[in-house]
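Enquirer: Please find start.csv (CSV, C-alpha atoms) on the next line:
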chain,number,residue,atom,x,y,z
B,925,MET,CA,2.2,5.6,-0.4
B,926,GLN,CA,4.3,4.0,2.3
B,927,LEU,CA,7.5,5.5,1.0
B,928,ARG,CA,6.0,8.9,1.0
B,929,ARG,CA,5.3,8.5,4.7
B,930,LEU,CA,9.0,8.1,5.3
B,931,GLU,CA,10.0,11.4,3.6
B,932,PRO,CA,11.2,13.1,6.8
B,933,ALA,CA,13.9,10.4,7.1
B,934,PHE,CA,15.3,11.6,3.8
B,935,ALA,CA,15.5,15.3,4.7
B,936,GLY,CA,18.9,16.7,3.7
B,937,HIS,CA,19.6,13.8,1.3
B,938,ASP,CA,19.4,13.8,-2.5
B,939,VAL,CA,16.5,11.5,-3.3
B,940,ALA,CA,15.2,9.9,-6.4
B,941,TYR,CA,12.0,7.7,-6.5
B,942,LEU,CA,11.3,4.6,-8.6
B,943,THR,CA,7.8,3.3,-8.5
B,944,THR,CA,5.2,1.3,-10.5
B,945,ASP,CA,2.6,4.1,-10.8
B,946,ALA,CA,3.4,7.2,-12.9
B,947,GLY,CA,0.5,9.0,-11.1
B,948,HIS,CA,2.7,9.5,-8.0
B,949,ARG,CA,5.0,11.9,-9.8
B,950,ASP,CA,3.3,15.1,-8.5
B,951,GLU,CA,3.3,13.8,-4.9
B,952,VAL,CA,7.1,13.7,-4.7
B,953,ALA,CA,8.0,16.6,-7.0
B,954,PRO,CA,10.6,18.1,-7.3
B,955,ARG,CA,12.4,14.8,-6.5
B,956,ARG,CA,13.6,12.9,-9.5
B,957,PHE,CA,11.0,10.3,-10.5
B,958,TYR,CA,11.2,7.1,-12.5
B,959,THR,CA,8.6,4.3,-13.2
B,960,VAL,CA,9.0,0.6,-13.7
B,961,ALA,CA,6.5,-2.1,-14.8
B,962,ASP,CA,4.9,-4.0,-12.0
B,963,GLY,CA,6.1,-7.5,-12.8
B,964,ASN,CA,5.6,-10.6,-10.6
B,965,ARG,CA,6.7,-14.2,-10.5
B,966,SER,CA,4.0,-15.3,-12.9
B,967,ASN,CA,5.1,-12.9,-15.7
B,968,LYS,CA,8.8,-13.5,-16.4
B,969,LEU,CA,8.9,-11.2,-19.4
B,970,ALA,CA,7.6,-8.2,-17.4
B,971,LEU,CA,10.1,-9.0,-14.7
B,972,LEU,CA,12.9,-9.0,-17.2
B,973,ARG,CA,11.7,-5.7,-18.6
B,974,SER,CA,11.6,-4.3,-15.0
B,975,LEU,CA,15.1,-5.6,-14.3
B,976,LEU,CA,16.5,-3.8,-17.4
B,977,LYS,CA,14.8,-0.5,-16.3
B,978,ILE,CA,16.1,-0.9,-12.8
B,979,VAL,CA,19.6,-1.4,-14.0
B,980,TRP,CA,19.3,1.6,-16.2
B,981,VAL,CA,17.9,3.8,-13.4
B,982,LEU,CA,20.5,2.7,-10.8
B,983,ALA,CA,23.4,3.1,-13.3
B,984,ARG,CA,22.2,6.6,-13.9
B,985,GLU,CA,21.5,7.6,-10.3
B,986,ARG,CA,24.5,5.8,-8.7
B,987,PRO,CA,22.7,5.8,-5.3
B,988,GLU,CA,24.6,5.3,-2.0
B,989,VAL,CA,21.5,3.8,-0.3
B,990,VAL,CA,18.5,2.1,-1.9
B,991,VAL,CA,15.3,1.8,0.2
B,992,SER,CA,12.4,-0.4,-0.8
B,993,THR,CA,9.0,-1.3,0.5
B,994,GLY,CA,8.5,-4.1,-2.1
B,995,ALA,CA,7.5,-6.0,-4.0
B,996,ALA,CA,9.1,-8.0,-6.9
B,997,PRO,CA,10.7,-4.9,-8.6
B,998,GLY,CA,11.8,-3.7,-5.2
B,999,TYR,CA,13.6,-7.1,-4.6
B,1000,LEU,CA,15.3,-6.8,-8.0
B,1001,ALA,CA,16.4,-3.3,-7.1
B,1002,MET,CA,18.0,-4.6,-3.9
B,1003,ARG,CA,20.0,-7.2,-5.8
B,1004,VAL,CA,21.2,-4.7,-8.4
B,1005,ALA,CA,22.0,-2.1,-5.7
B,1006,LYS,CA,24.1,-4.7,-3.9
B,1007,LEU,CA,26.1,-5.5,-7.0
B,1008,MET,CA,26.7,-1.7,-7.3
B,1009,ARG,CA,27.9,-1.7,-3.7
B,1010,ALA,CA,25.1,0.6,-2.5
B,1011,ARG,CA,23.7,0.0,1.0
B,1012,THR,CA,20.2,-1.5,1.0
B,1013,VAL,CA,17.2,-1.3,3.3
B,1014,TRP,CA,14.1,-3.4,2.9
B,1015,ILE,CA,11.0,-2.2,4.7
B,1016,ASP,CA,8.4,-5.0,4.4
B,1017,SER,CA,4.9,-3.6,3.6
B,1018,VAL,CA,2.7,-3.0,6.7
B,1019,ALA,CA,0.1,-5.1,4.7
B,1020,ASN,CA,2.1,-8.2,5.6
B,1021,VAL,CA,0.7,-9.0,9.1
B,1022,GLU,CA,1.0,-12.7,9.3
B,1023,GLU,CA,4.2,-13.4,7.6
B,1024,LEU,CA,6.9,-11.4,5.6
B,1025,SER,CA,6.1,-11.1,1.9
B,1026,LEU,CA,7.8,-13.6,-0.4
B,1027,SER,CA,10.0,-10.8,-1.8
B,1028,GLY,CA,10.7,-9.8,1.8
B,1029,ARG,CA,11.8,-13.3,2.8
B,1030,MET,CA,14.1,-13.4,-0.3
B,1031,ALA,CA,15.5,-9.9,0.4
B,1032,ALA,CA,16.1,-10.5,4.2
B,1033,SER,CA,19.5,-12.3,3.6
B,1034,GLN,CA,20.5,-9.9,0.9
B,1035,VAL,CA,20.0,-6.5,2.4
B,1036,ASP,CA,22.0,-4.5,5.0
B,1037,LEU,CA,18.8,-3.7,7.0
B,1038,CYS,CA,15.6,-5.6,6.8
B,1039,LEU,CA,12.6,-4.3,8.7
B,1040,THR,CA,9.1,-5.6,9.4
B,1041,GLN,CA,6.3,-3.3,10.5
B,1042,TRP,CA,4.9,-5.8,12.9
B,1043,PRO,CA,6.8,-6.7,16.2
B,1044,HIS,CA,5.7,-10.4,16.2
B,1045,LEU,CA,7.4,-10.9,12.8
B,1046,ALA,CA,10.9,-9.7,13.9
B,1047,GLY,CA,13.6,-12.4,14.0
B,1048,ASP,CA,17.3,-13.0,13.5
B,1049,SER,CA,17.6,-11.2,10.2
B,1050,VAL,CA,14.5,-9.1,10.4
B,1051,ARG,CA,14.1,-6.2,12.8
B,1052,TYR,CA,11.1,-4.2,14.1
B,1053,GLU,CA,11.6,-0.5,14.4
B,1054,GLY,CA,8.1,0.9,14.2
B,1055,ALA,CA,5.7,1.3,11.3
B,1056,VAL,CA,4.5,3.8,8.7
B,1057,LEU,CA,1.4,4.5,10.8
A,311,MET,CA,-21.0,10.7,-1.5
A,312,ILE,CA,-19.7,7.2,-0.9
A,313,PHE,CA,-16.3,6.5,-2.6
A,314,VAL,CA,-15.7,2.8,-3.5
A,315,THR,CA,-12.2,1.7,-4.6
A,316,VAL,CA,-10.6,-1.6,-5.4
A,317,GLY,CA,-7.1,-0.3,-6.2
A,318,THR,CA,-5.3,-0.5,-9.6
A,319,GLN,CA,-3.9,-4.1,-9.7
A,320,LEU,CA,-6.9,-6.5,-9.7
A,321,PRO,CA,-10.6,-6.4,-10.2
A,322,PHE,CA,-12.8,-7.1,-7.2
A,323,ASP,CA,-16.2,-7.8,-8.7
A,324,ARG,CA,-17.7,-9.3,-5.4
A,325,LEU,CA,-17.3,-5.9,-3.8
A,326,ILE,CA,-18.6,-3.9,-6.7
A,327,ALA,CA,-21.5,-6.2,-7.5
A,328,THR,CA,-22.6,-6.2,-3.8
A,329,VAL,CA,-22.4,-2.4,-3.5
A,330,ASP,CA,-24.3,-2.1,-6.9
A,331,ALA,CA,-27.1,-4.4,-5.7
A,332,TRP,CA,-27.3,-2.4,-2.4
A,333,ALA,CA,-27.4,0.9,-4.3
A,334,ALA,CA,-30.3,-0.4,-6.4
A,335,THR,CA,-32.4,-0.5,-3.1
A,336,ARG,CA,-31.2,3.0,-2.1
A,337,PRO,CA,-31.9,5.3,-5.1
A,338,ASP,CA,-30.9,8.3,-2.9
A,339,ALA,CA,-27.4,7.0,-2.3
A,340,ASP,CA,-24.7,8.8,-4.3
A,341,VAL,CA,-21.9,6.3,-4.9
A,342,PHE,CA,-18.8,6.6,-7.1
A,343,ALA,CA,-16.9,3.4,-7.7
A,344,GLN,CA,-13.4,2.8,-9.0
A,345,ILE,CA,-13.8,-0.7,-10.3
A,346,GLY,CA,-10.3,-1.6,-11.7
A,347,PRO,CA,-9.7,-3.9,-14.7
A,348,SER,CA,-13.2,-5.5,-14.6
A,349,PRO,CA,-15.7,-6.4,-17.3
A,350,LEU,CA,-18.5,-5.4,-14.9
A,351,THR,CA,-20.8,-2.5,-15.7
A,352,PRO,CA,-22.4,-1.3,-12.5
A,353,ARG,CA,-26.0,-0.1,-13.1
A,354,HIS,CA,-26.6,1.9,-10.0
A,355,LEU,CA,-23.1,3.5,-9.4
A,356,ARG,CA,-21.2,6.2,-11.1
A,357,HIS,CA,-18.0,4.4,-12.0
A,358,ALA,CA,-14.6,4.4,-13.6
A,359,ALA,CA,-12.0,1.6,-14.2
A,360,PHE,CA,-9.2,3.7,-12.9
A,361,VAL,CA,-8.6,7.1,-11.3
A,362,ASP,CA,-5.0,8.5,-10.9
A,363,PRO,CA,-3.7,9.0,-7.3
A,364,ALA,CA,-4.5,12.7,-7.2
A,365,GLU,CA,-8.1,12.1,-8.3
A,366,CYS,CA,-8.4,9.2,-5.9
A,367,ARG,CA,-7.3,11.4,-3.0
A,368,ALA,CA,-9.6,14.2,-4.1
A,369,ARG,CA,-12.6,11.9,-4.3
A,370,MET,CA,-11.7,10.4,-0.9
A,371,ALA,CA,-11.5,13.8,0.6
A,372,GLU,CA,-14.9,14.7,-0.8
A,373,ALA,CA,-16.5,11.5,0.3
A,374,ASP,CA,-18.6,10.9,3.5
A,375,ALA,CA,-17.3,7.4,3.7
A,376,VAL,CA,-14.9,5.1,1.8
A,377,VAL,CA,-15.7,1.4,0.9
A,378,ALA,CA,-12.7,-0.6,-0.2
A,379,HIS,CA,-10.6,-3.7,-0.5
A,380,ALA,CA,-8.0,-4.1,2.3
A,381,GLY,CA,-5.3,-2.5,0.2
A,382,MET,CA,-2.7,-0.6,2.3
A,383,GLY,CA,-2.6,2.5,0.1
A,384,THR,CA,-6.4,2.8,0.4
A,385,ILE,CA,-6.4,2.2,4.2
A,386,LEU,CA,-3.6,4.7,4.8
A,387,GLY,CA,-5.3,7.3,2.5
A,388,ALA,CA,-8.6,7.0,4.3
A,389,LEU,CA,-7.0,7.2,7.8
A,390,GLU,CA,-4.9,10.2,6.8
A,391,LEU,CA,-8.1,12.0,5.7
A,392,GLY,CA,-10.0,10.8,8.8
A,393,LYS,CA,-12.7,9.2,6.6
A,394,PRO,CA,-15.0,6.4,7.9
A,395,LEU,CA,-13.8,3.3,6.2
A,396,LEU,CA,-15.6,0.0,5.4
A,397,ILE,CA,-13.3,-2.8,4.3
A,398,LEU,CA,-14.1,-6.1,2.5
A,399,PRO,CA,-10.8,-8.1,2.3
A,400,ARG,CA,-9.9,-10.0,-0.9
A,401,ARG,CA,-9.8,-13.8,-0.6
A,402,ALA,CA,-7.4,-16.1,-2.3
A,403,ALA,CA,-9.9,-19.0,-2.5
A,404,LEU,CA,-12.1,-16.8,-4.6
A,405,GLY,CA,-9.3,-15.9,-7.0
A,406,GLU,CA,-9.3,-12.3,-5.7
A,407,HIS,CA,-5.6,-12.2,-4.7
A,408,ARG,CA,-2.5,-14.4,-4.7
A,409,ASN,CA,-2.9,-15.0,-0.9
A,410,ASP,CA,-5.0,-14.1,2.1
A,411,HIS,CA,-2.9,-11.2,3.4
A,412,GLN,CA,-5.8,-8.8,3.0
A,413,VAL,CA,-7.9,-10.9,5.5
A,414,ALA,CA,-5.0,-10.5,8.1
A,415,THR,CA,-4.7,-6.8,7.3
A,416,ALA,CA,-8.4,-6.3,7.8
A,417,GLN,CA,-8.4,-8.1,11.1
A,418,ARG,CA,-5.6,-5.9,12.3
A,419,PHE,CA,-7.6,-2.7,11.5
A,420,ALA,CA,-11.0,-4.0,12.7
A,421,ASP,CA,-10.6,-2.5,16.2
A,422,ARG,CA,-9.6,0.9,14.9
A,423,ARG,CA,-12.1,3.7,15.5
A,424,GLY,CA,-13.9,4.7,12.3
A,425,VAL,CA,-13.0,1.4,10.6
A,426,ARG,CA,-15.5,-1.4,10.0
A,427,VAL,CA,-14.7,-4.8,8.4
A,428,ALA,CA,-17.0,-7.1,6.5
A,429,PHE,CA,-15.9,-10.6,5.8
A,430,THR,CA,-18.9,-11.7,3.7
A,431,GLU,CA,-21.3,-10.0,1.2
A,432,SER,CA,-24.1,-10.1,3.7
A,433,ASP,CA,-21.9,-8.5,6.3
A,434,LEU,CA,-21.1,-5.8,3.7
A,435,VAL,CA,-24.7,-5.0,3.1
A,436,GLY,CA,-25.4,-4.8,6.8
A,437,GLU,CA,-22.4,-2.4,7.2
A,438,LEU,CA,-23.5,-0.3,4.2
A,439,GLU,CA,-26.9,0.1,6.0
A,440,GLY,CA,-25.1,1.4,9.1
A,441,LEU,CA,-22.6,3.6,7.2
A,442,ASP,CA,-24.3,6.8,8.1
A,443,GLU,CA,-23.7,6.2,11.8
A,444,LEU,CA,-20.0,5.5,11.3
A,445,GLU,CA,-18.2,8.5,12.9
A,446,ALA,CA,-15.3,10.2,11.2
A,447,HIS,CA,-12.2,9.5,13.2
A,448,GLU,CA,-9.1,11.5,14.1
A,449,ARG,CA,-6.8,11.9,11.1
A,450,LEU,CA,-3.6,9.8,11.0
A,451,GLY,CA,-0.6,12.1,10.8
A,452,PRO,CA,1.1,12.3,7.4
A,453,PHE,CA,4.3,10.5,8.4
A,454,ALA,CA,5.6,7.2,9.7
A,455,SER,CA,6.2,6.7,13.4
A,456,GLU,CA,9.2,8.7,14.8
A,457,ARG,CA,10.9,5.4,15.7
A,458,LEU,CA,10.9,4.1,12.1
A,459,ILE,CA,12.0,7.5,10.7
A,460,GLY,CA,14.7,7.7,13.4
A,461,ALA,CA,16.0,4.1,12.5
A,462,LEU,CA,16.0,5.0,8.9
A,463,ARG,CA,17.8,8.3,9.4
A,464,THR,CA,20.4,6.5,11.6
A,465,PHE,CA,21.1,4.0,8.8
A,466,LEU,CA,21.2,6.7,6.1
A,467,ASP,CA,23.8,8.7,8.2
A,468,GLY,CA,26.0,5.6,8.0
A,469,ALA,CA,25.8,4.4,11.6
A,470,PRO,CA,24.6,0.9,12.5
A,471,VAL,CA,21.1,1.0,13.8
A,472,ALA,CA,21.0,0.1,17.6
A,473,ALA,CA,20.3,-3.4,18.6
A,474,PRO,CA,16.6,-4.4,18.7
A,475,ARG,CA,14.7,-3.0,21.7
A,476,GLY,CA,12.2,-4.9,23.9
Kindly present the structure from the file in structure tokens form.
Expert:
Amino acid sequence: MQLRRLEPAFAGHDVAYLTTDAGHRDEVAPRRFYTVADGNRSNKLALLRSLLKIVWVLARERPEVVVSTGAAPGYLAMRVAKLMRARTVWIDSVANVEELSLSGRMAASQVDLCLTQWPHLAGDSVRYEGAVL
Amino acid sequence: MIFVTVGTQLPFDRLIATVDAWAATRPDADVFAQIGPSPLTPRHLRHAAFVDPAECRARMAEADAVVAHAGMGTILGALELGKPLLILPRRAALGEHRNDHQVATAQRFADRRGVRVAFTESDLVGELEGLDELEAHERLGPFASERLIGALRTFLDGAPVAAPRG
């Protein structure tokens, strides 16, 4: 949902989407579309499965830039992308009003550009550049 | 029609049970509820555990008002369609989410035109009674702010994004 609102930023670029909900396929067609299980910290096996899928997708797509709005699978994608020397952007969800998400705090030191969608959460490694609404 | 949605990740029985009990007192109310992975069987609502994103959007477009958890996808969807929106945030203390970010989200949207926030079940019933008077609001445009799109474009084009403003 939040990534779709960023679509004009991707105009002229070759884009593939990776998300946790297969139902979004039609919204982004004809862009290439992949799904990954929505693991979190409390389900290590699901996270491992997500990681394997992310590695497979990124190895296949060889992206120059990876953009994520979260959460746990997004953080894993940032780490894998960095190992593959892709540039990375974390856009913390607009839902995180009081503090950056845990995955966002972990991603902040790892990514090339880390954005919050709330001005009061900007800091040394986290920038505010507007929001999805 | 009132469209109730709790998103796909977690049940939110407090919302569904409260709306169900309210609907029992209002036999003329037409309510469809997407109740998520819940053992609950509402008795006074049409309901489904899940609807796919396209159906969710269609039902929202059709609805006179949306009643929901404070999930960002739901909020953005209702704002894009200009639908009156009544929110009950999930609370961590009641096991409804991992933390209280929905309470903070709801507070941030409480001042927005066309949005009402309930923090308790009795608030929710009061707001449901007033739902008819809640005006449809101006639709939110389909895309993020120009500033955010510009910052992202700049990064994608390979240039460093300018130093923080303000």
Enquirer: Can you pull out the residues contacting Val1035 of chain B? Cut-off 9 Å, using only C-alpha atoms, and skip same-chain residues under 6 positions away; I want them as a ChimeraX atom specification.
Expert: /B:1002-1003,1006,1011-1014
Enquirer: Near chain A, meaning an atom within 8 Å, which residues of chain B appear when counting only C-alpha atoms? Write them as a ChimeraX atom specification.
Expert: /B:925-926,928-934,947-948,989,1018-1022,1051-1057
Enquirer: Between A:Pro321, A:Phe342, A:Pro394, A:Leu404, which one has atoms that come closest to Leu444 of chain A, using all atoms listed in the file?
Expert: A:Pro394
Enquirer: Select, counting only C-alpha atoms, all protein, DNA and RNA residues no farther than 6 Å from (7.7, -6.8, -1.1) in file coordinates, and express the selection as a VMD selection string.
Expert: chain B and resid 993 to 995 1016 1025 1027 to 1028
Enquirer: Report the distance between atom CA of Pro399 of chain A and atom CA of Phe429 of chain A in Å, rounded to one decimal place.
Expert: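 Spanning atom CA of Pro399 of chain A to atom CA of Phe429 of chain A is a straight-line distance of 6.7 Å.
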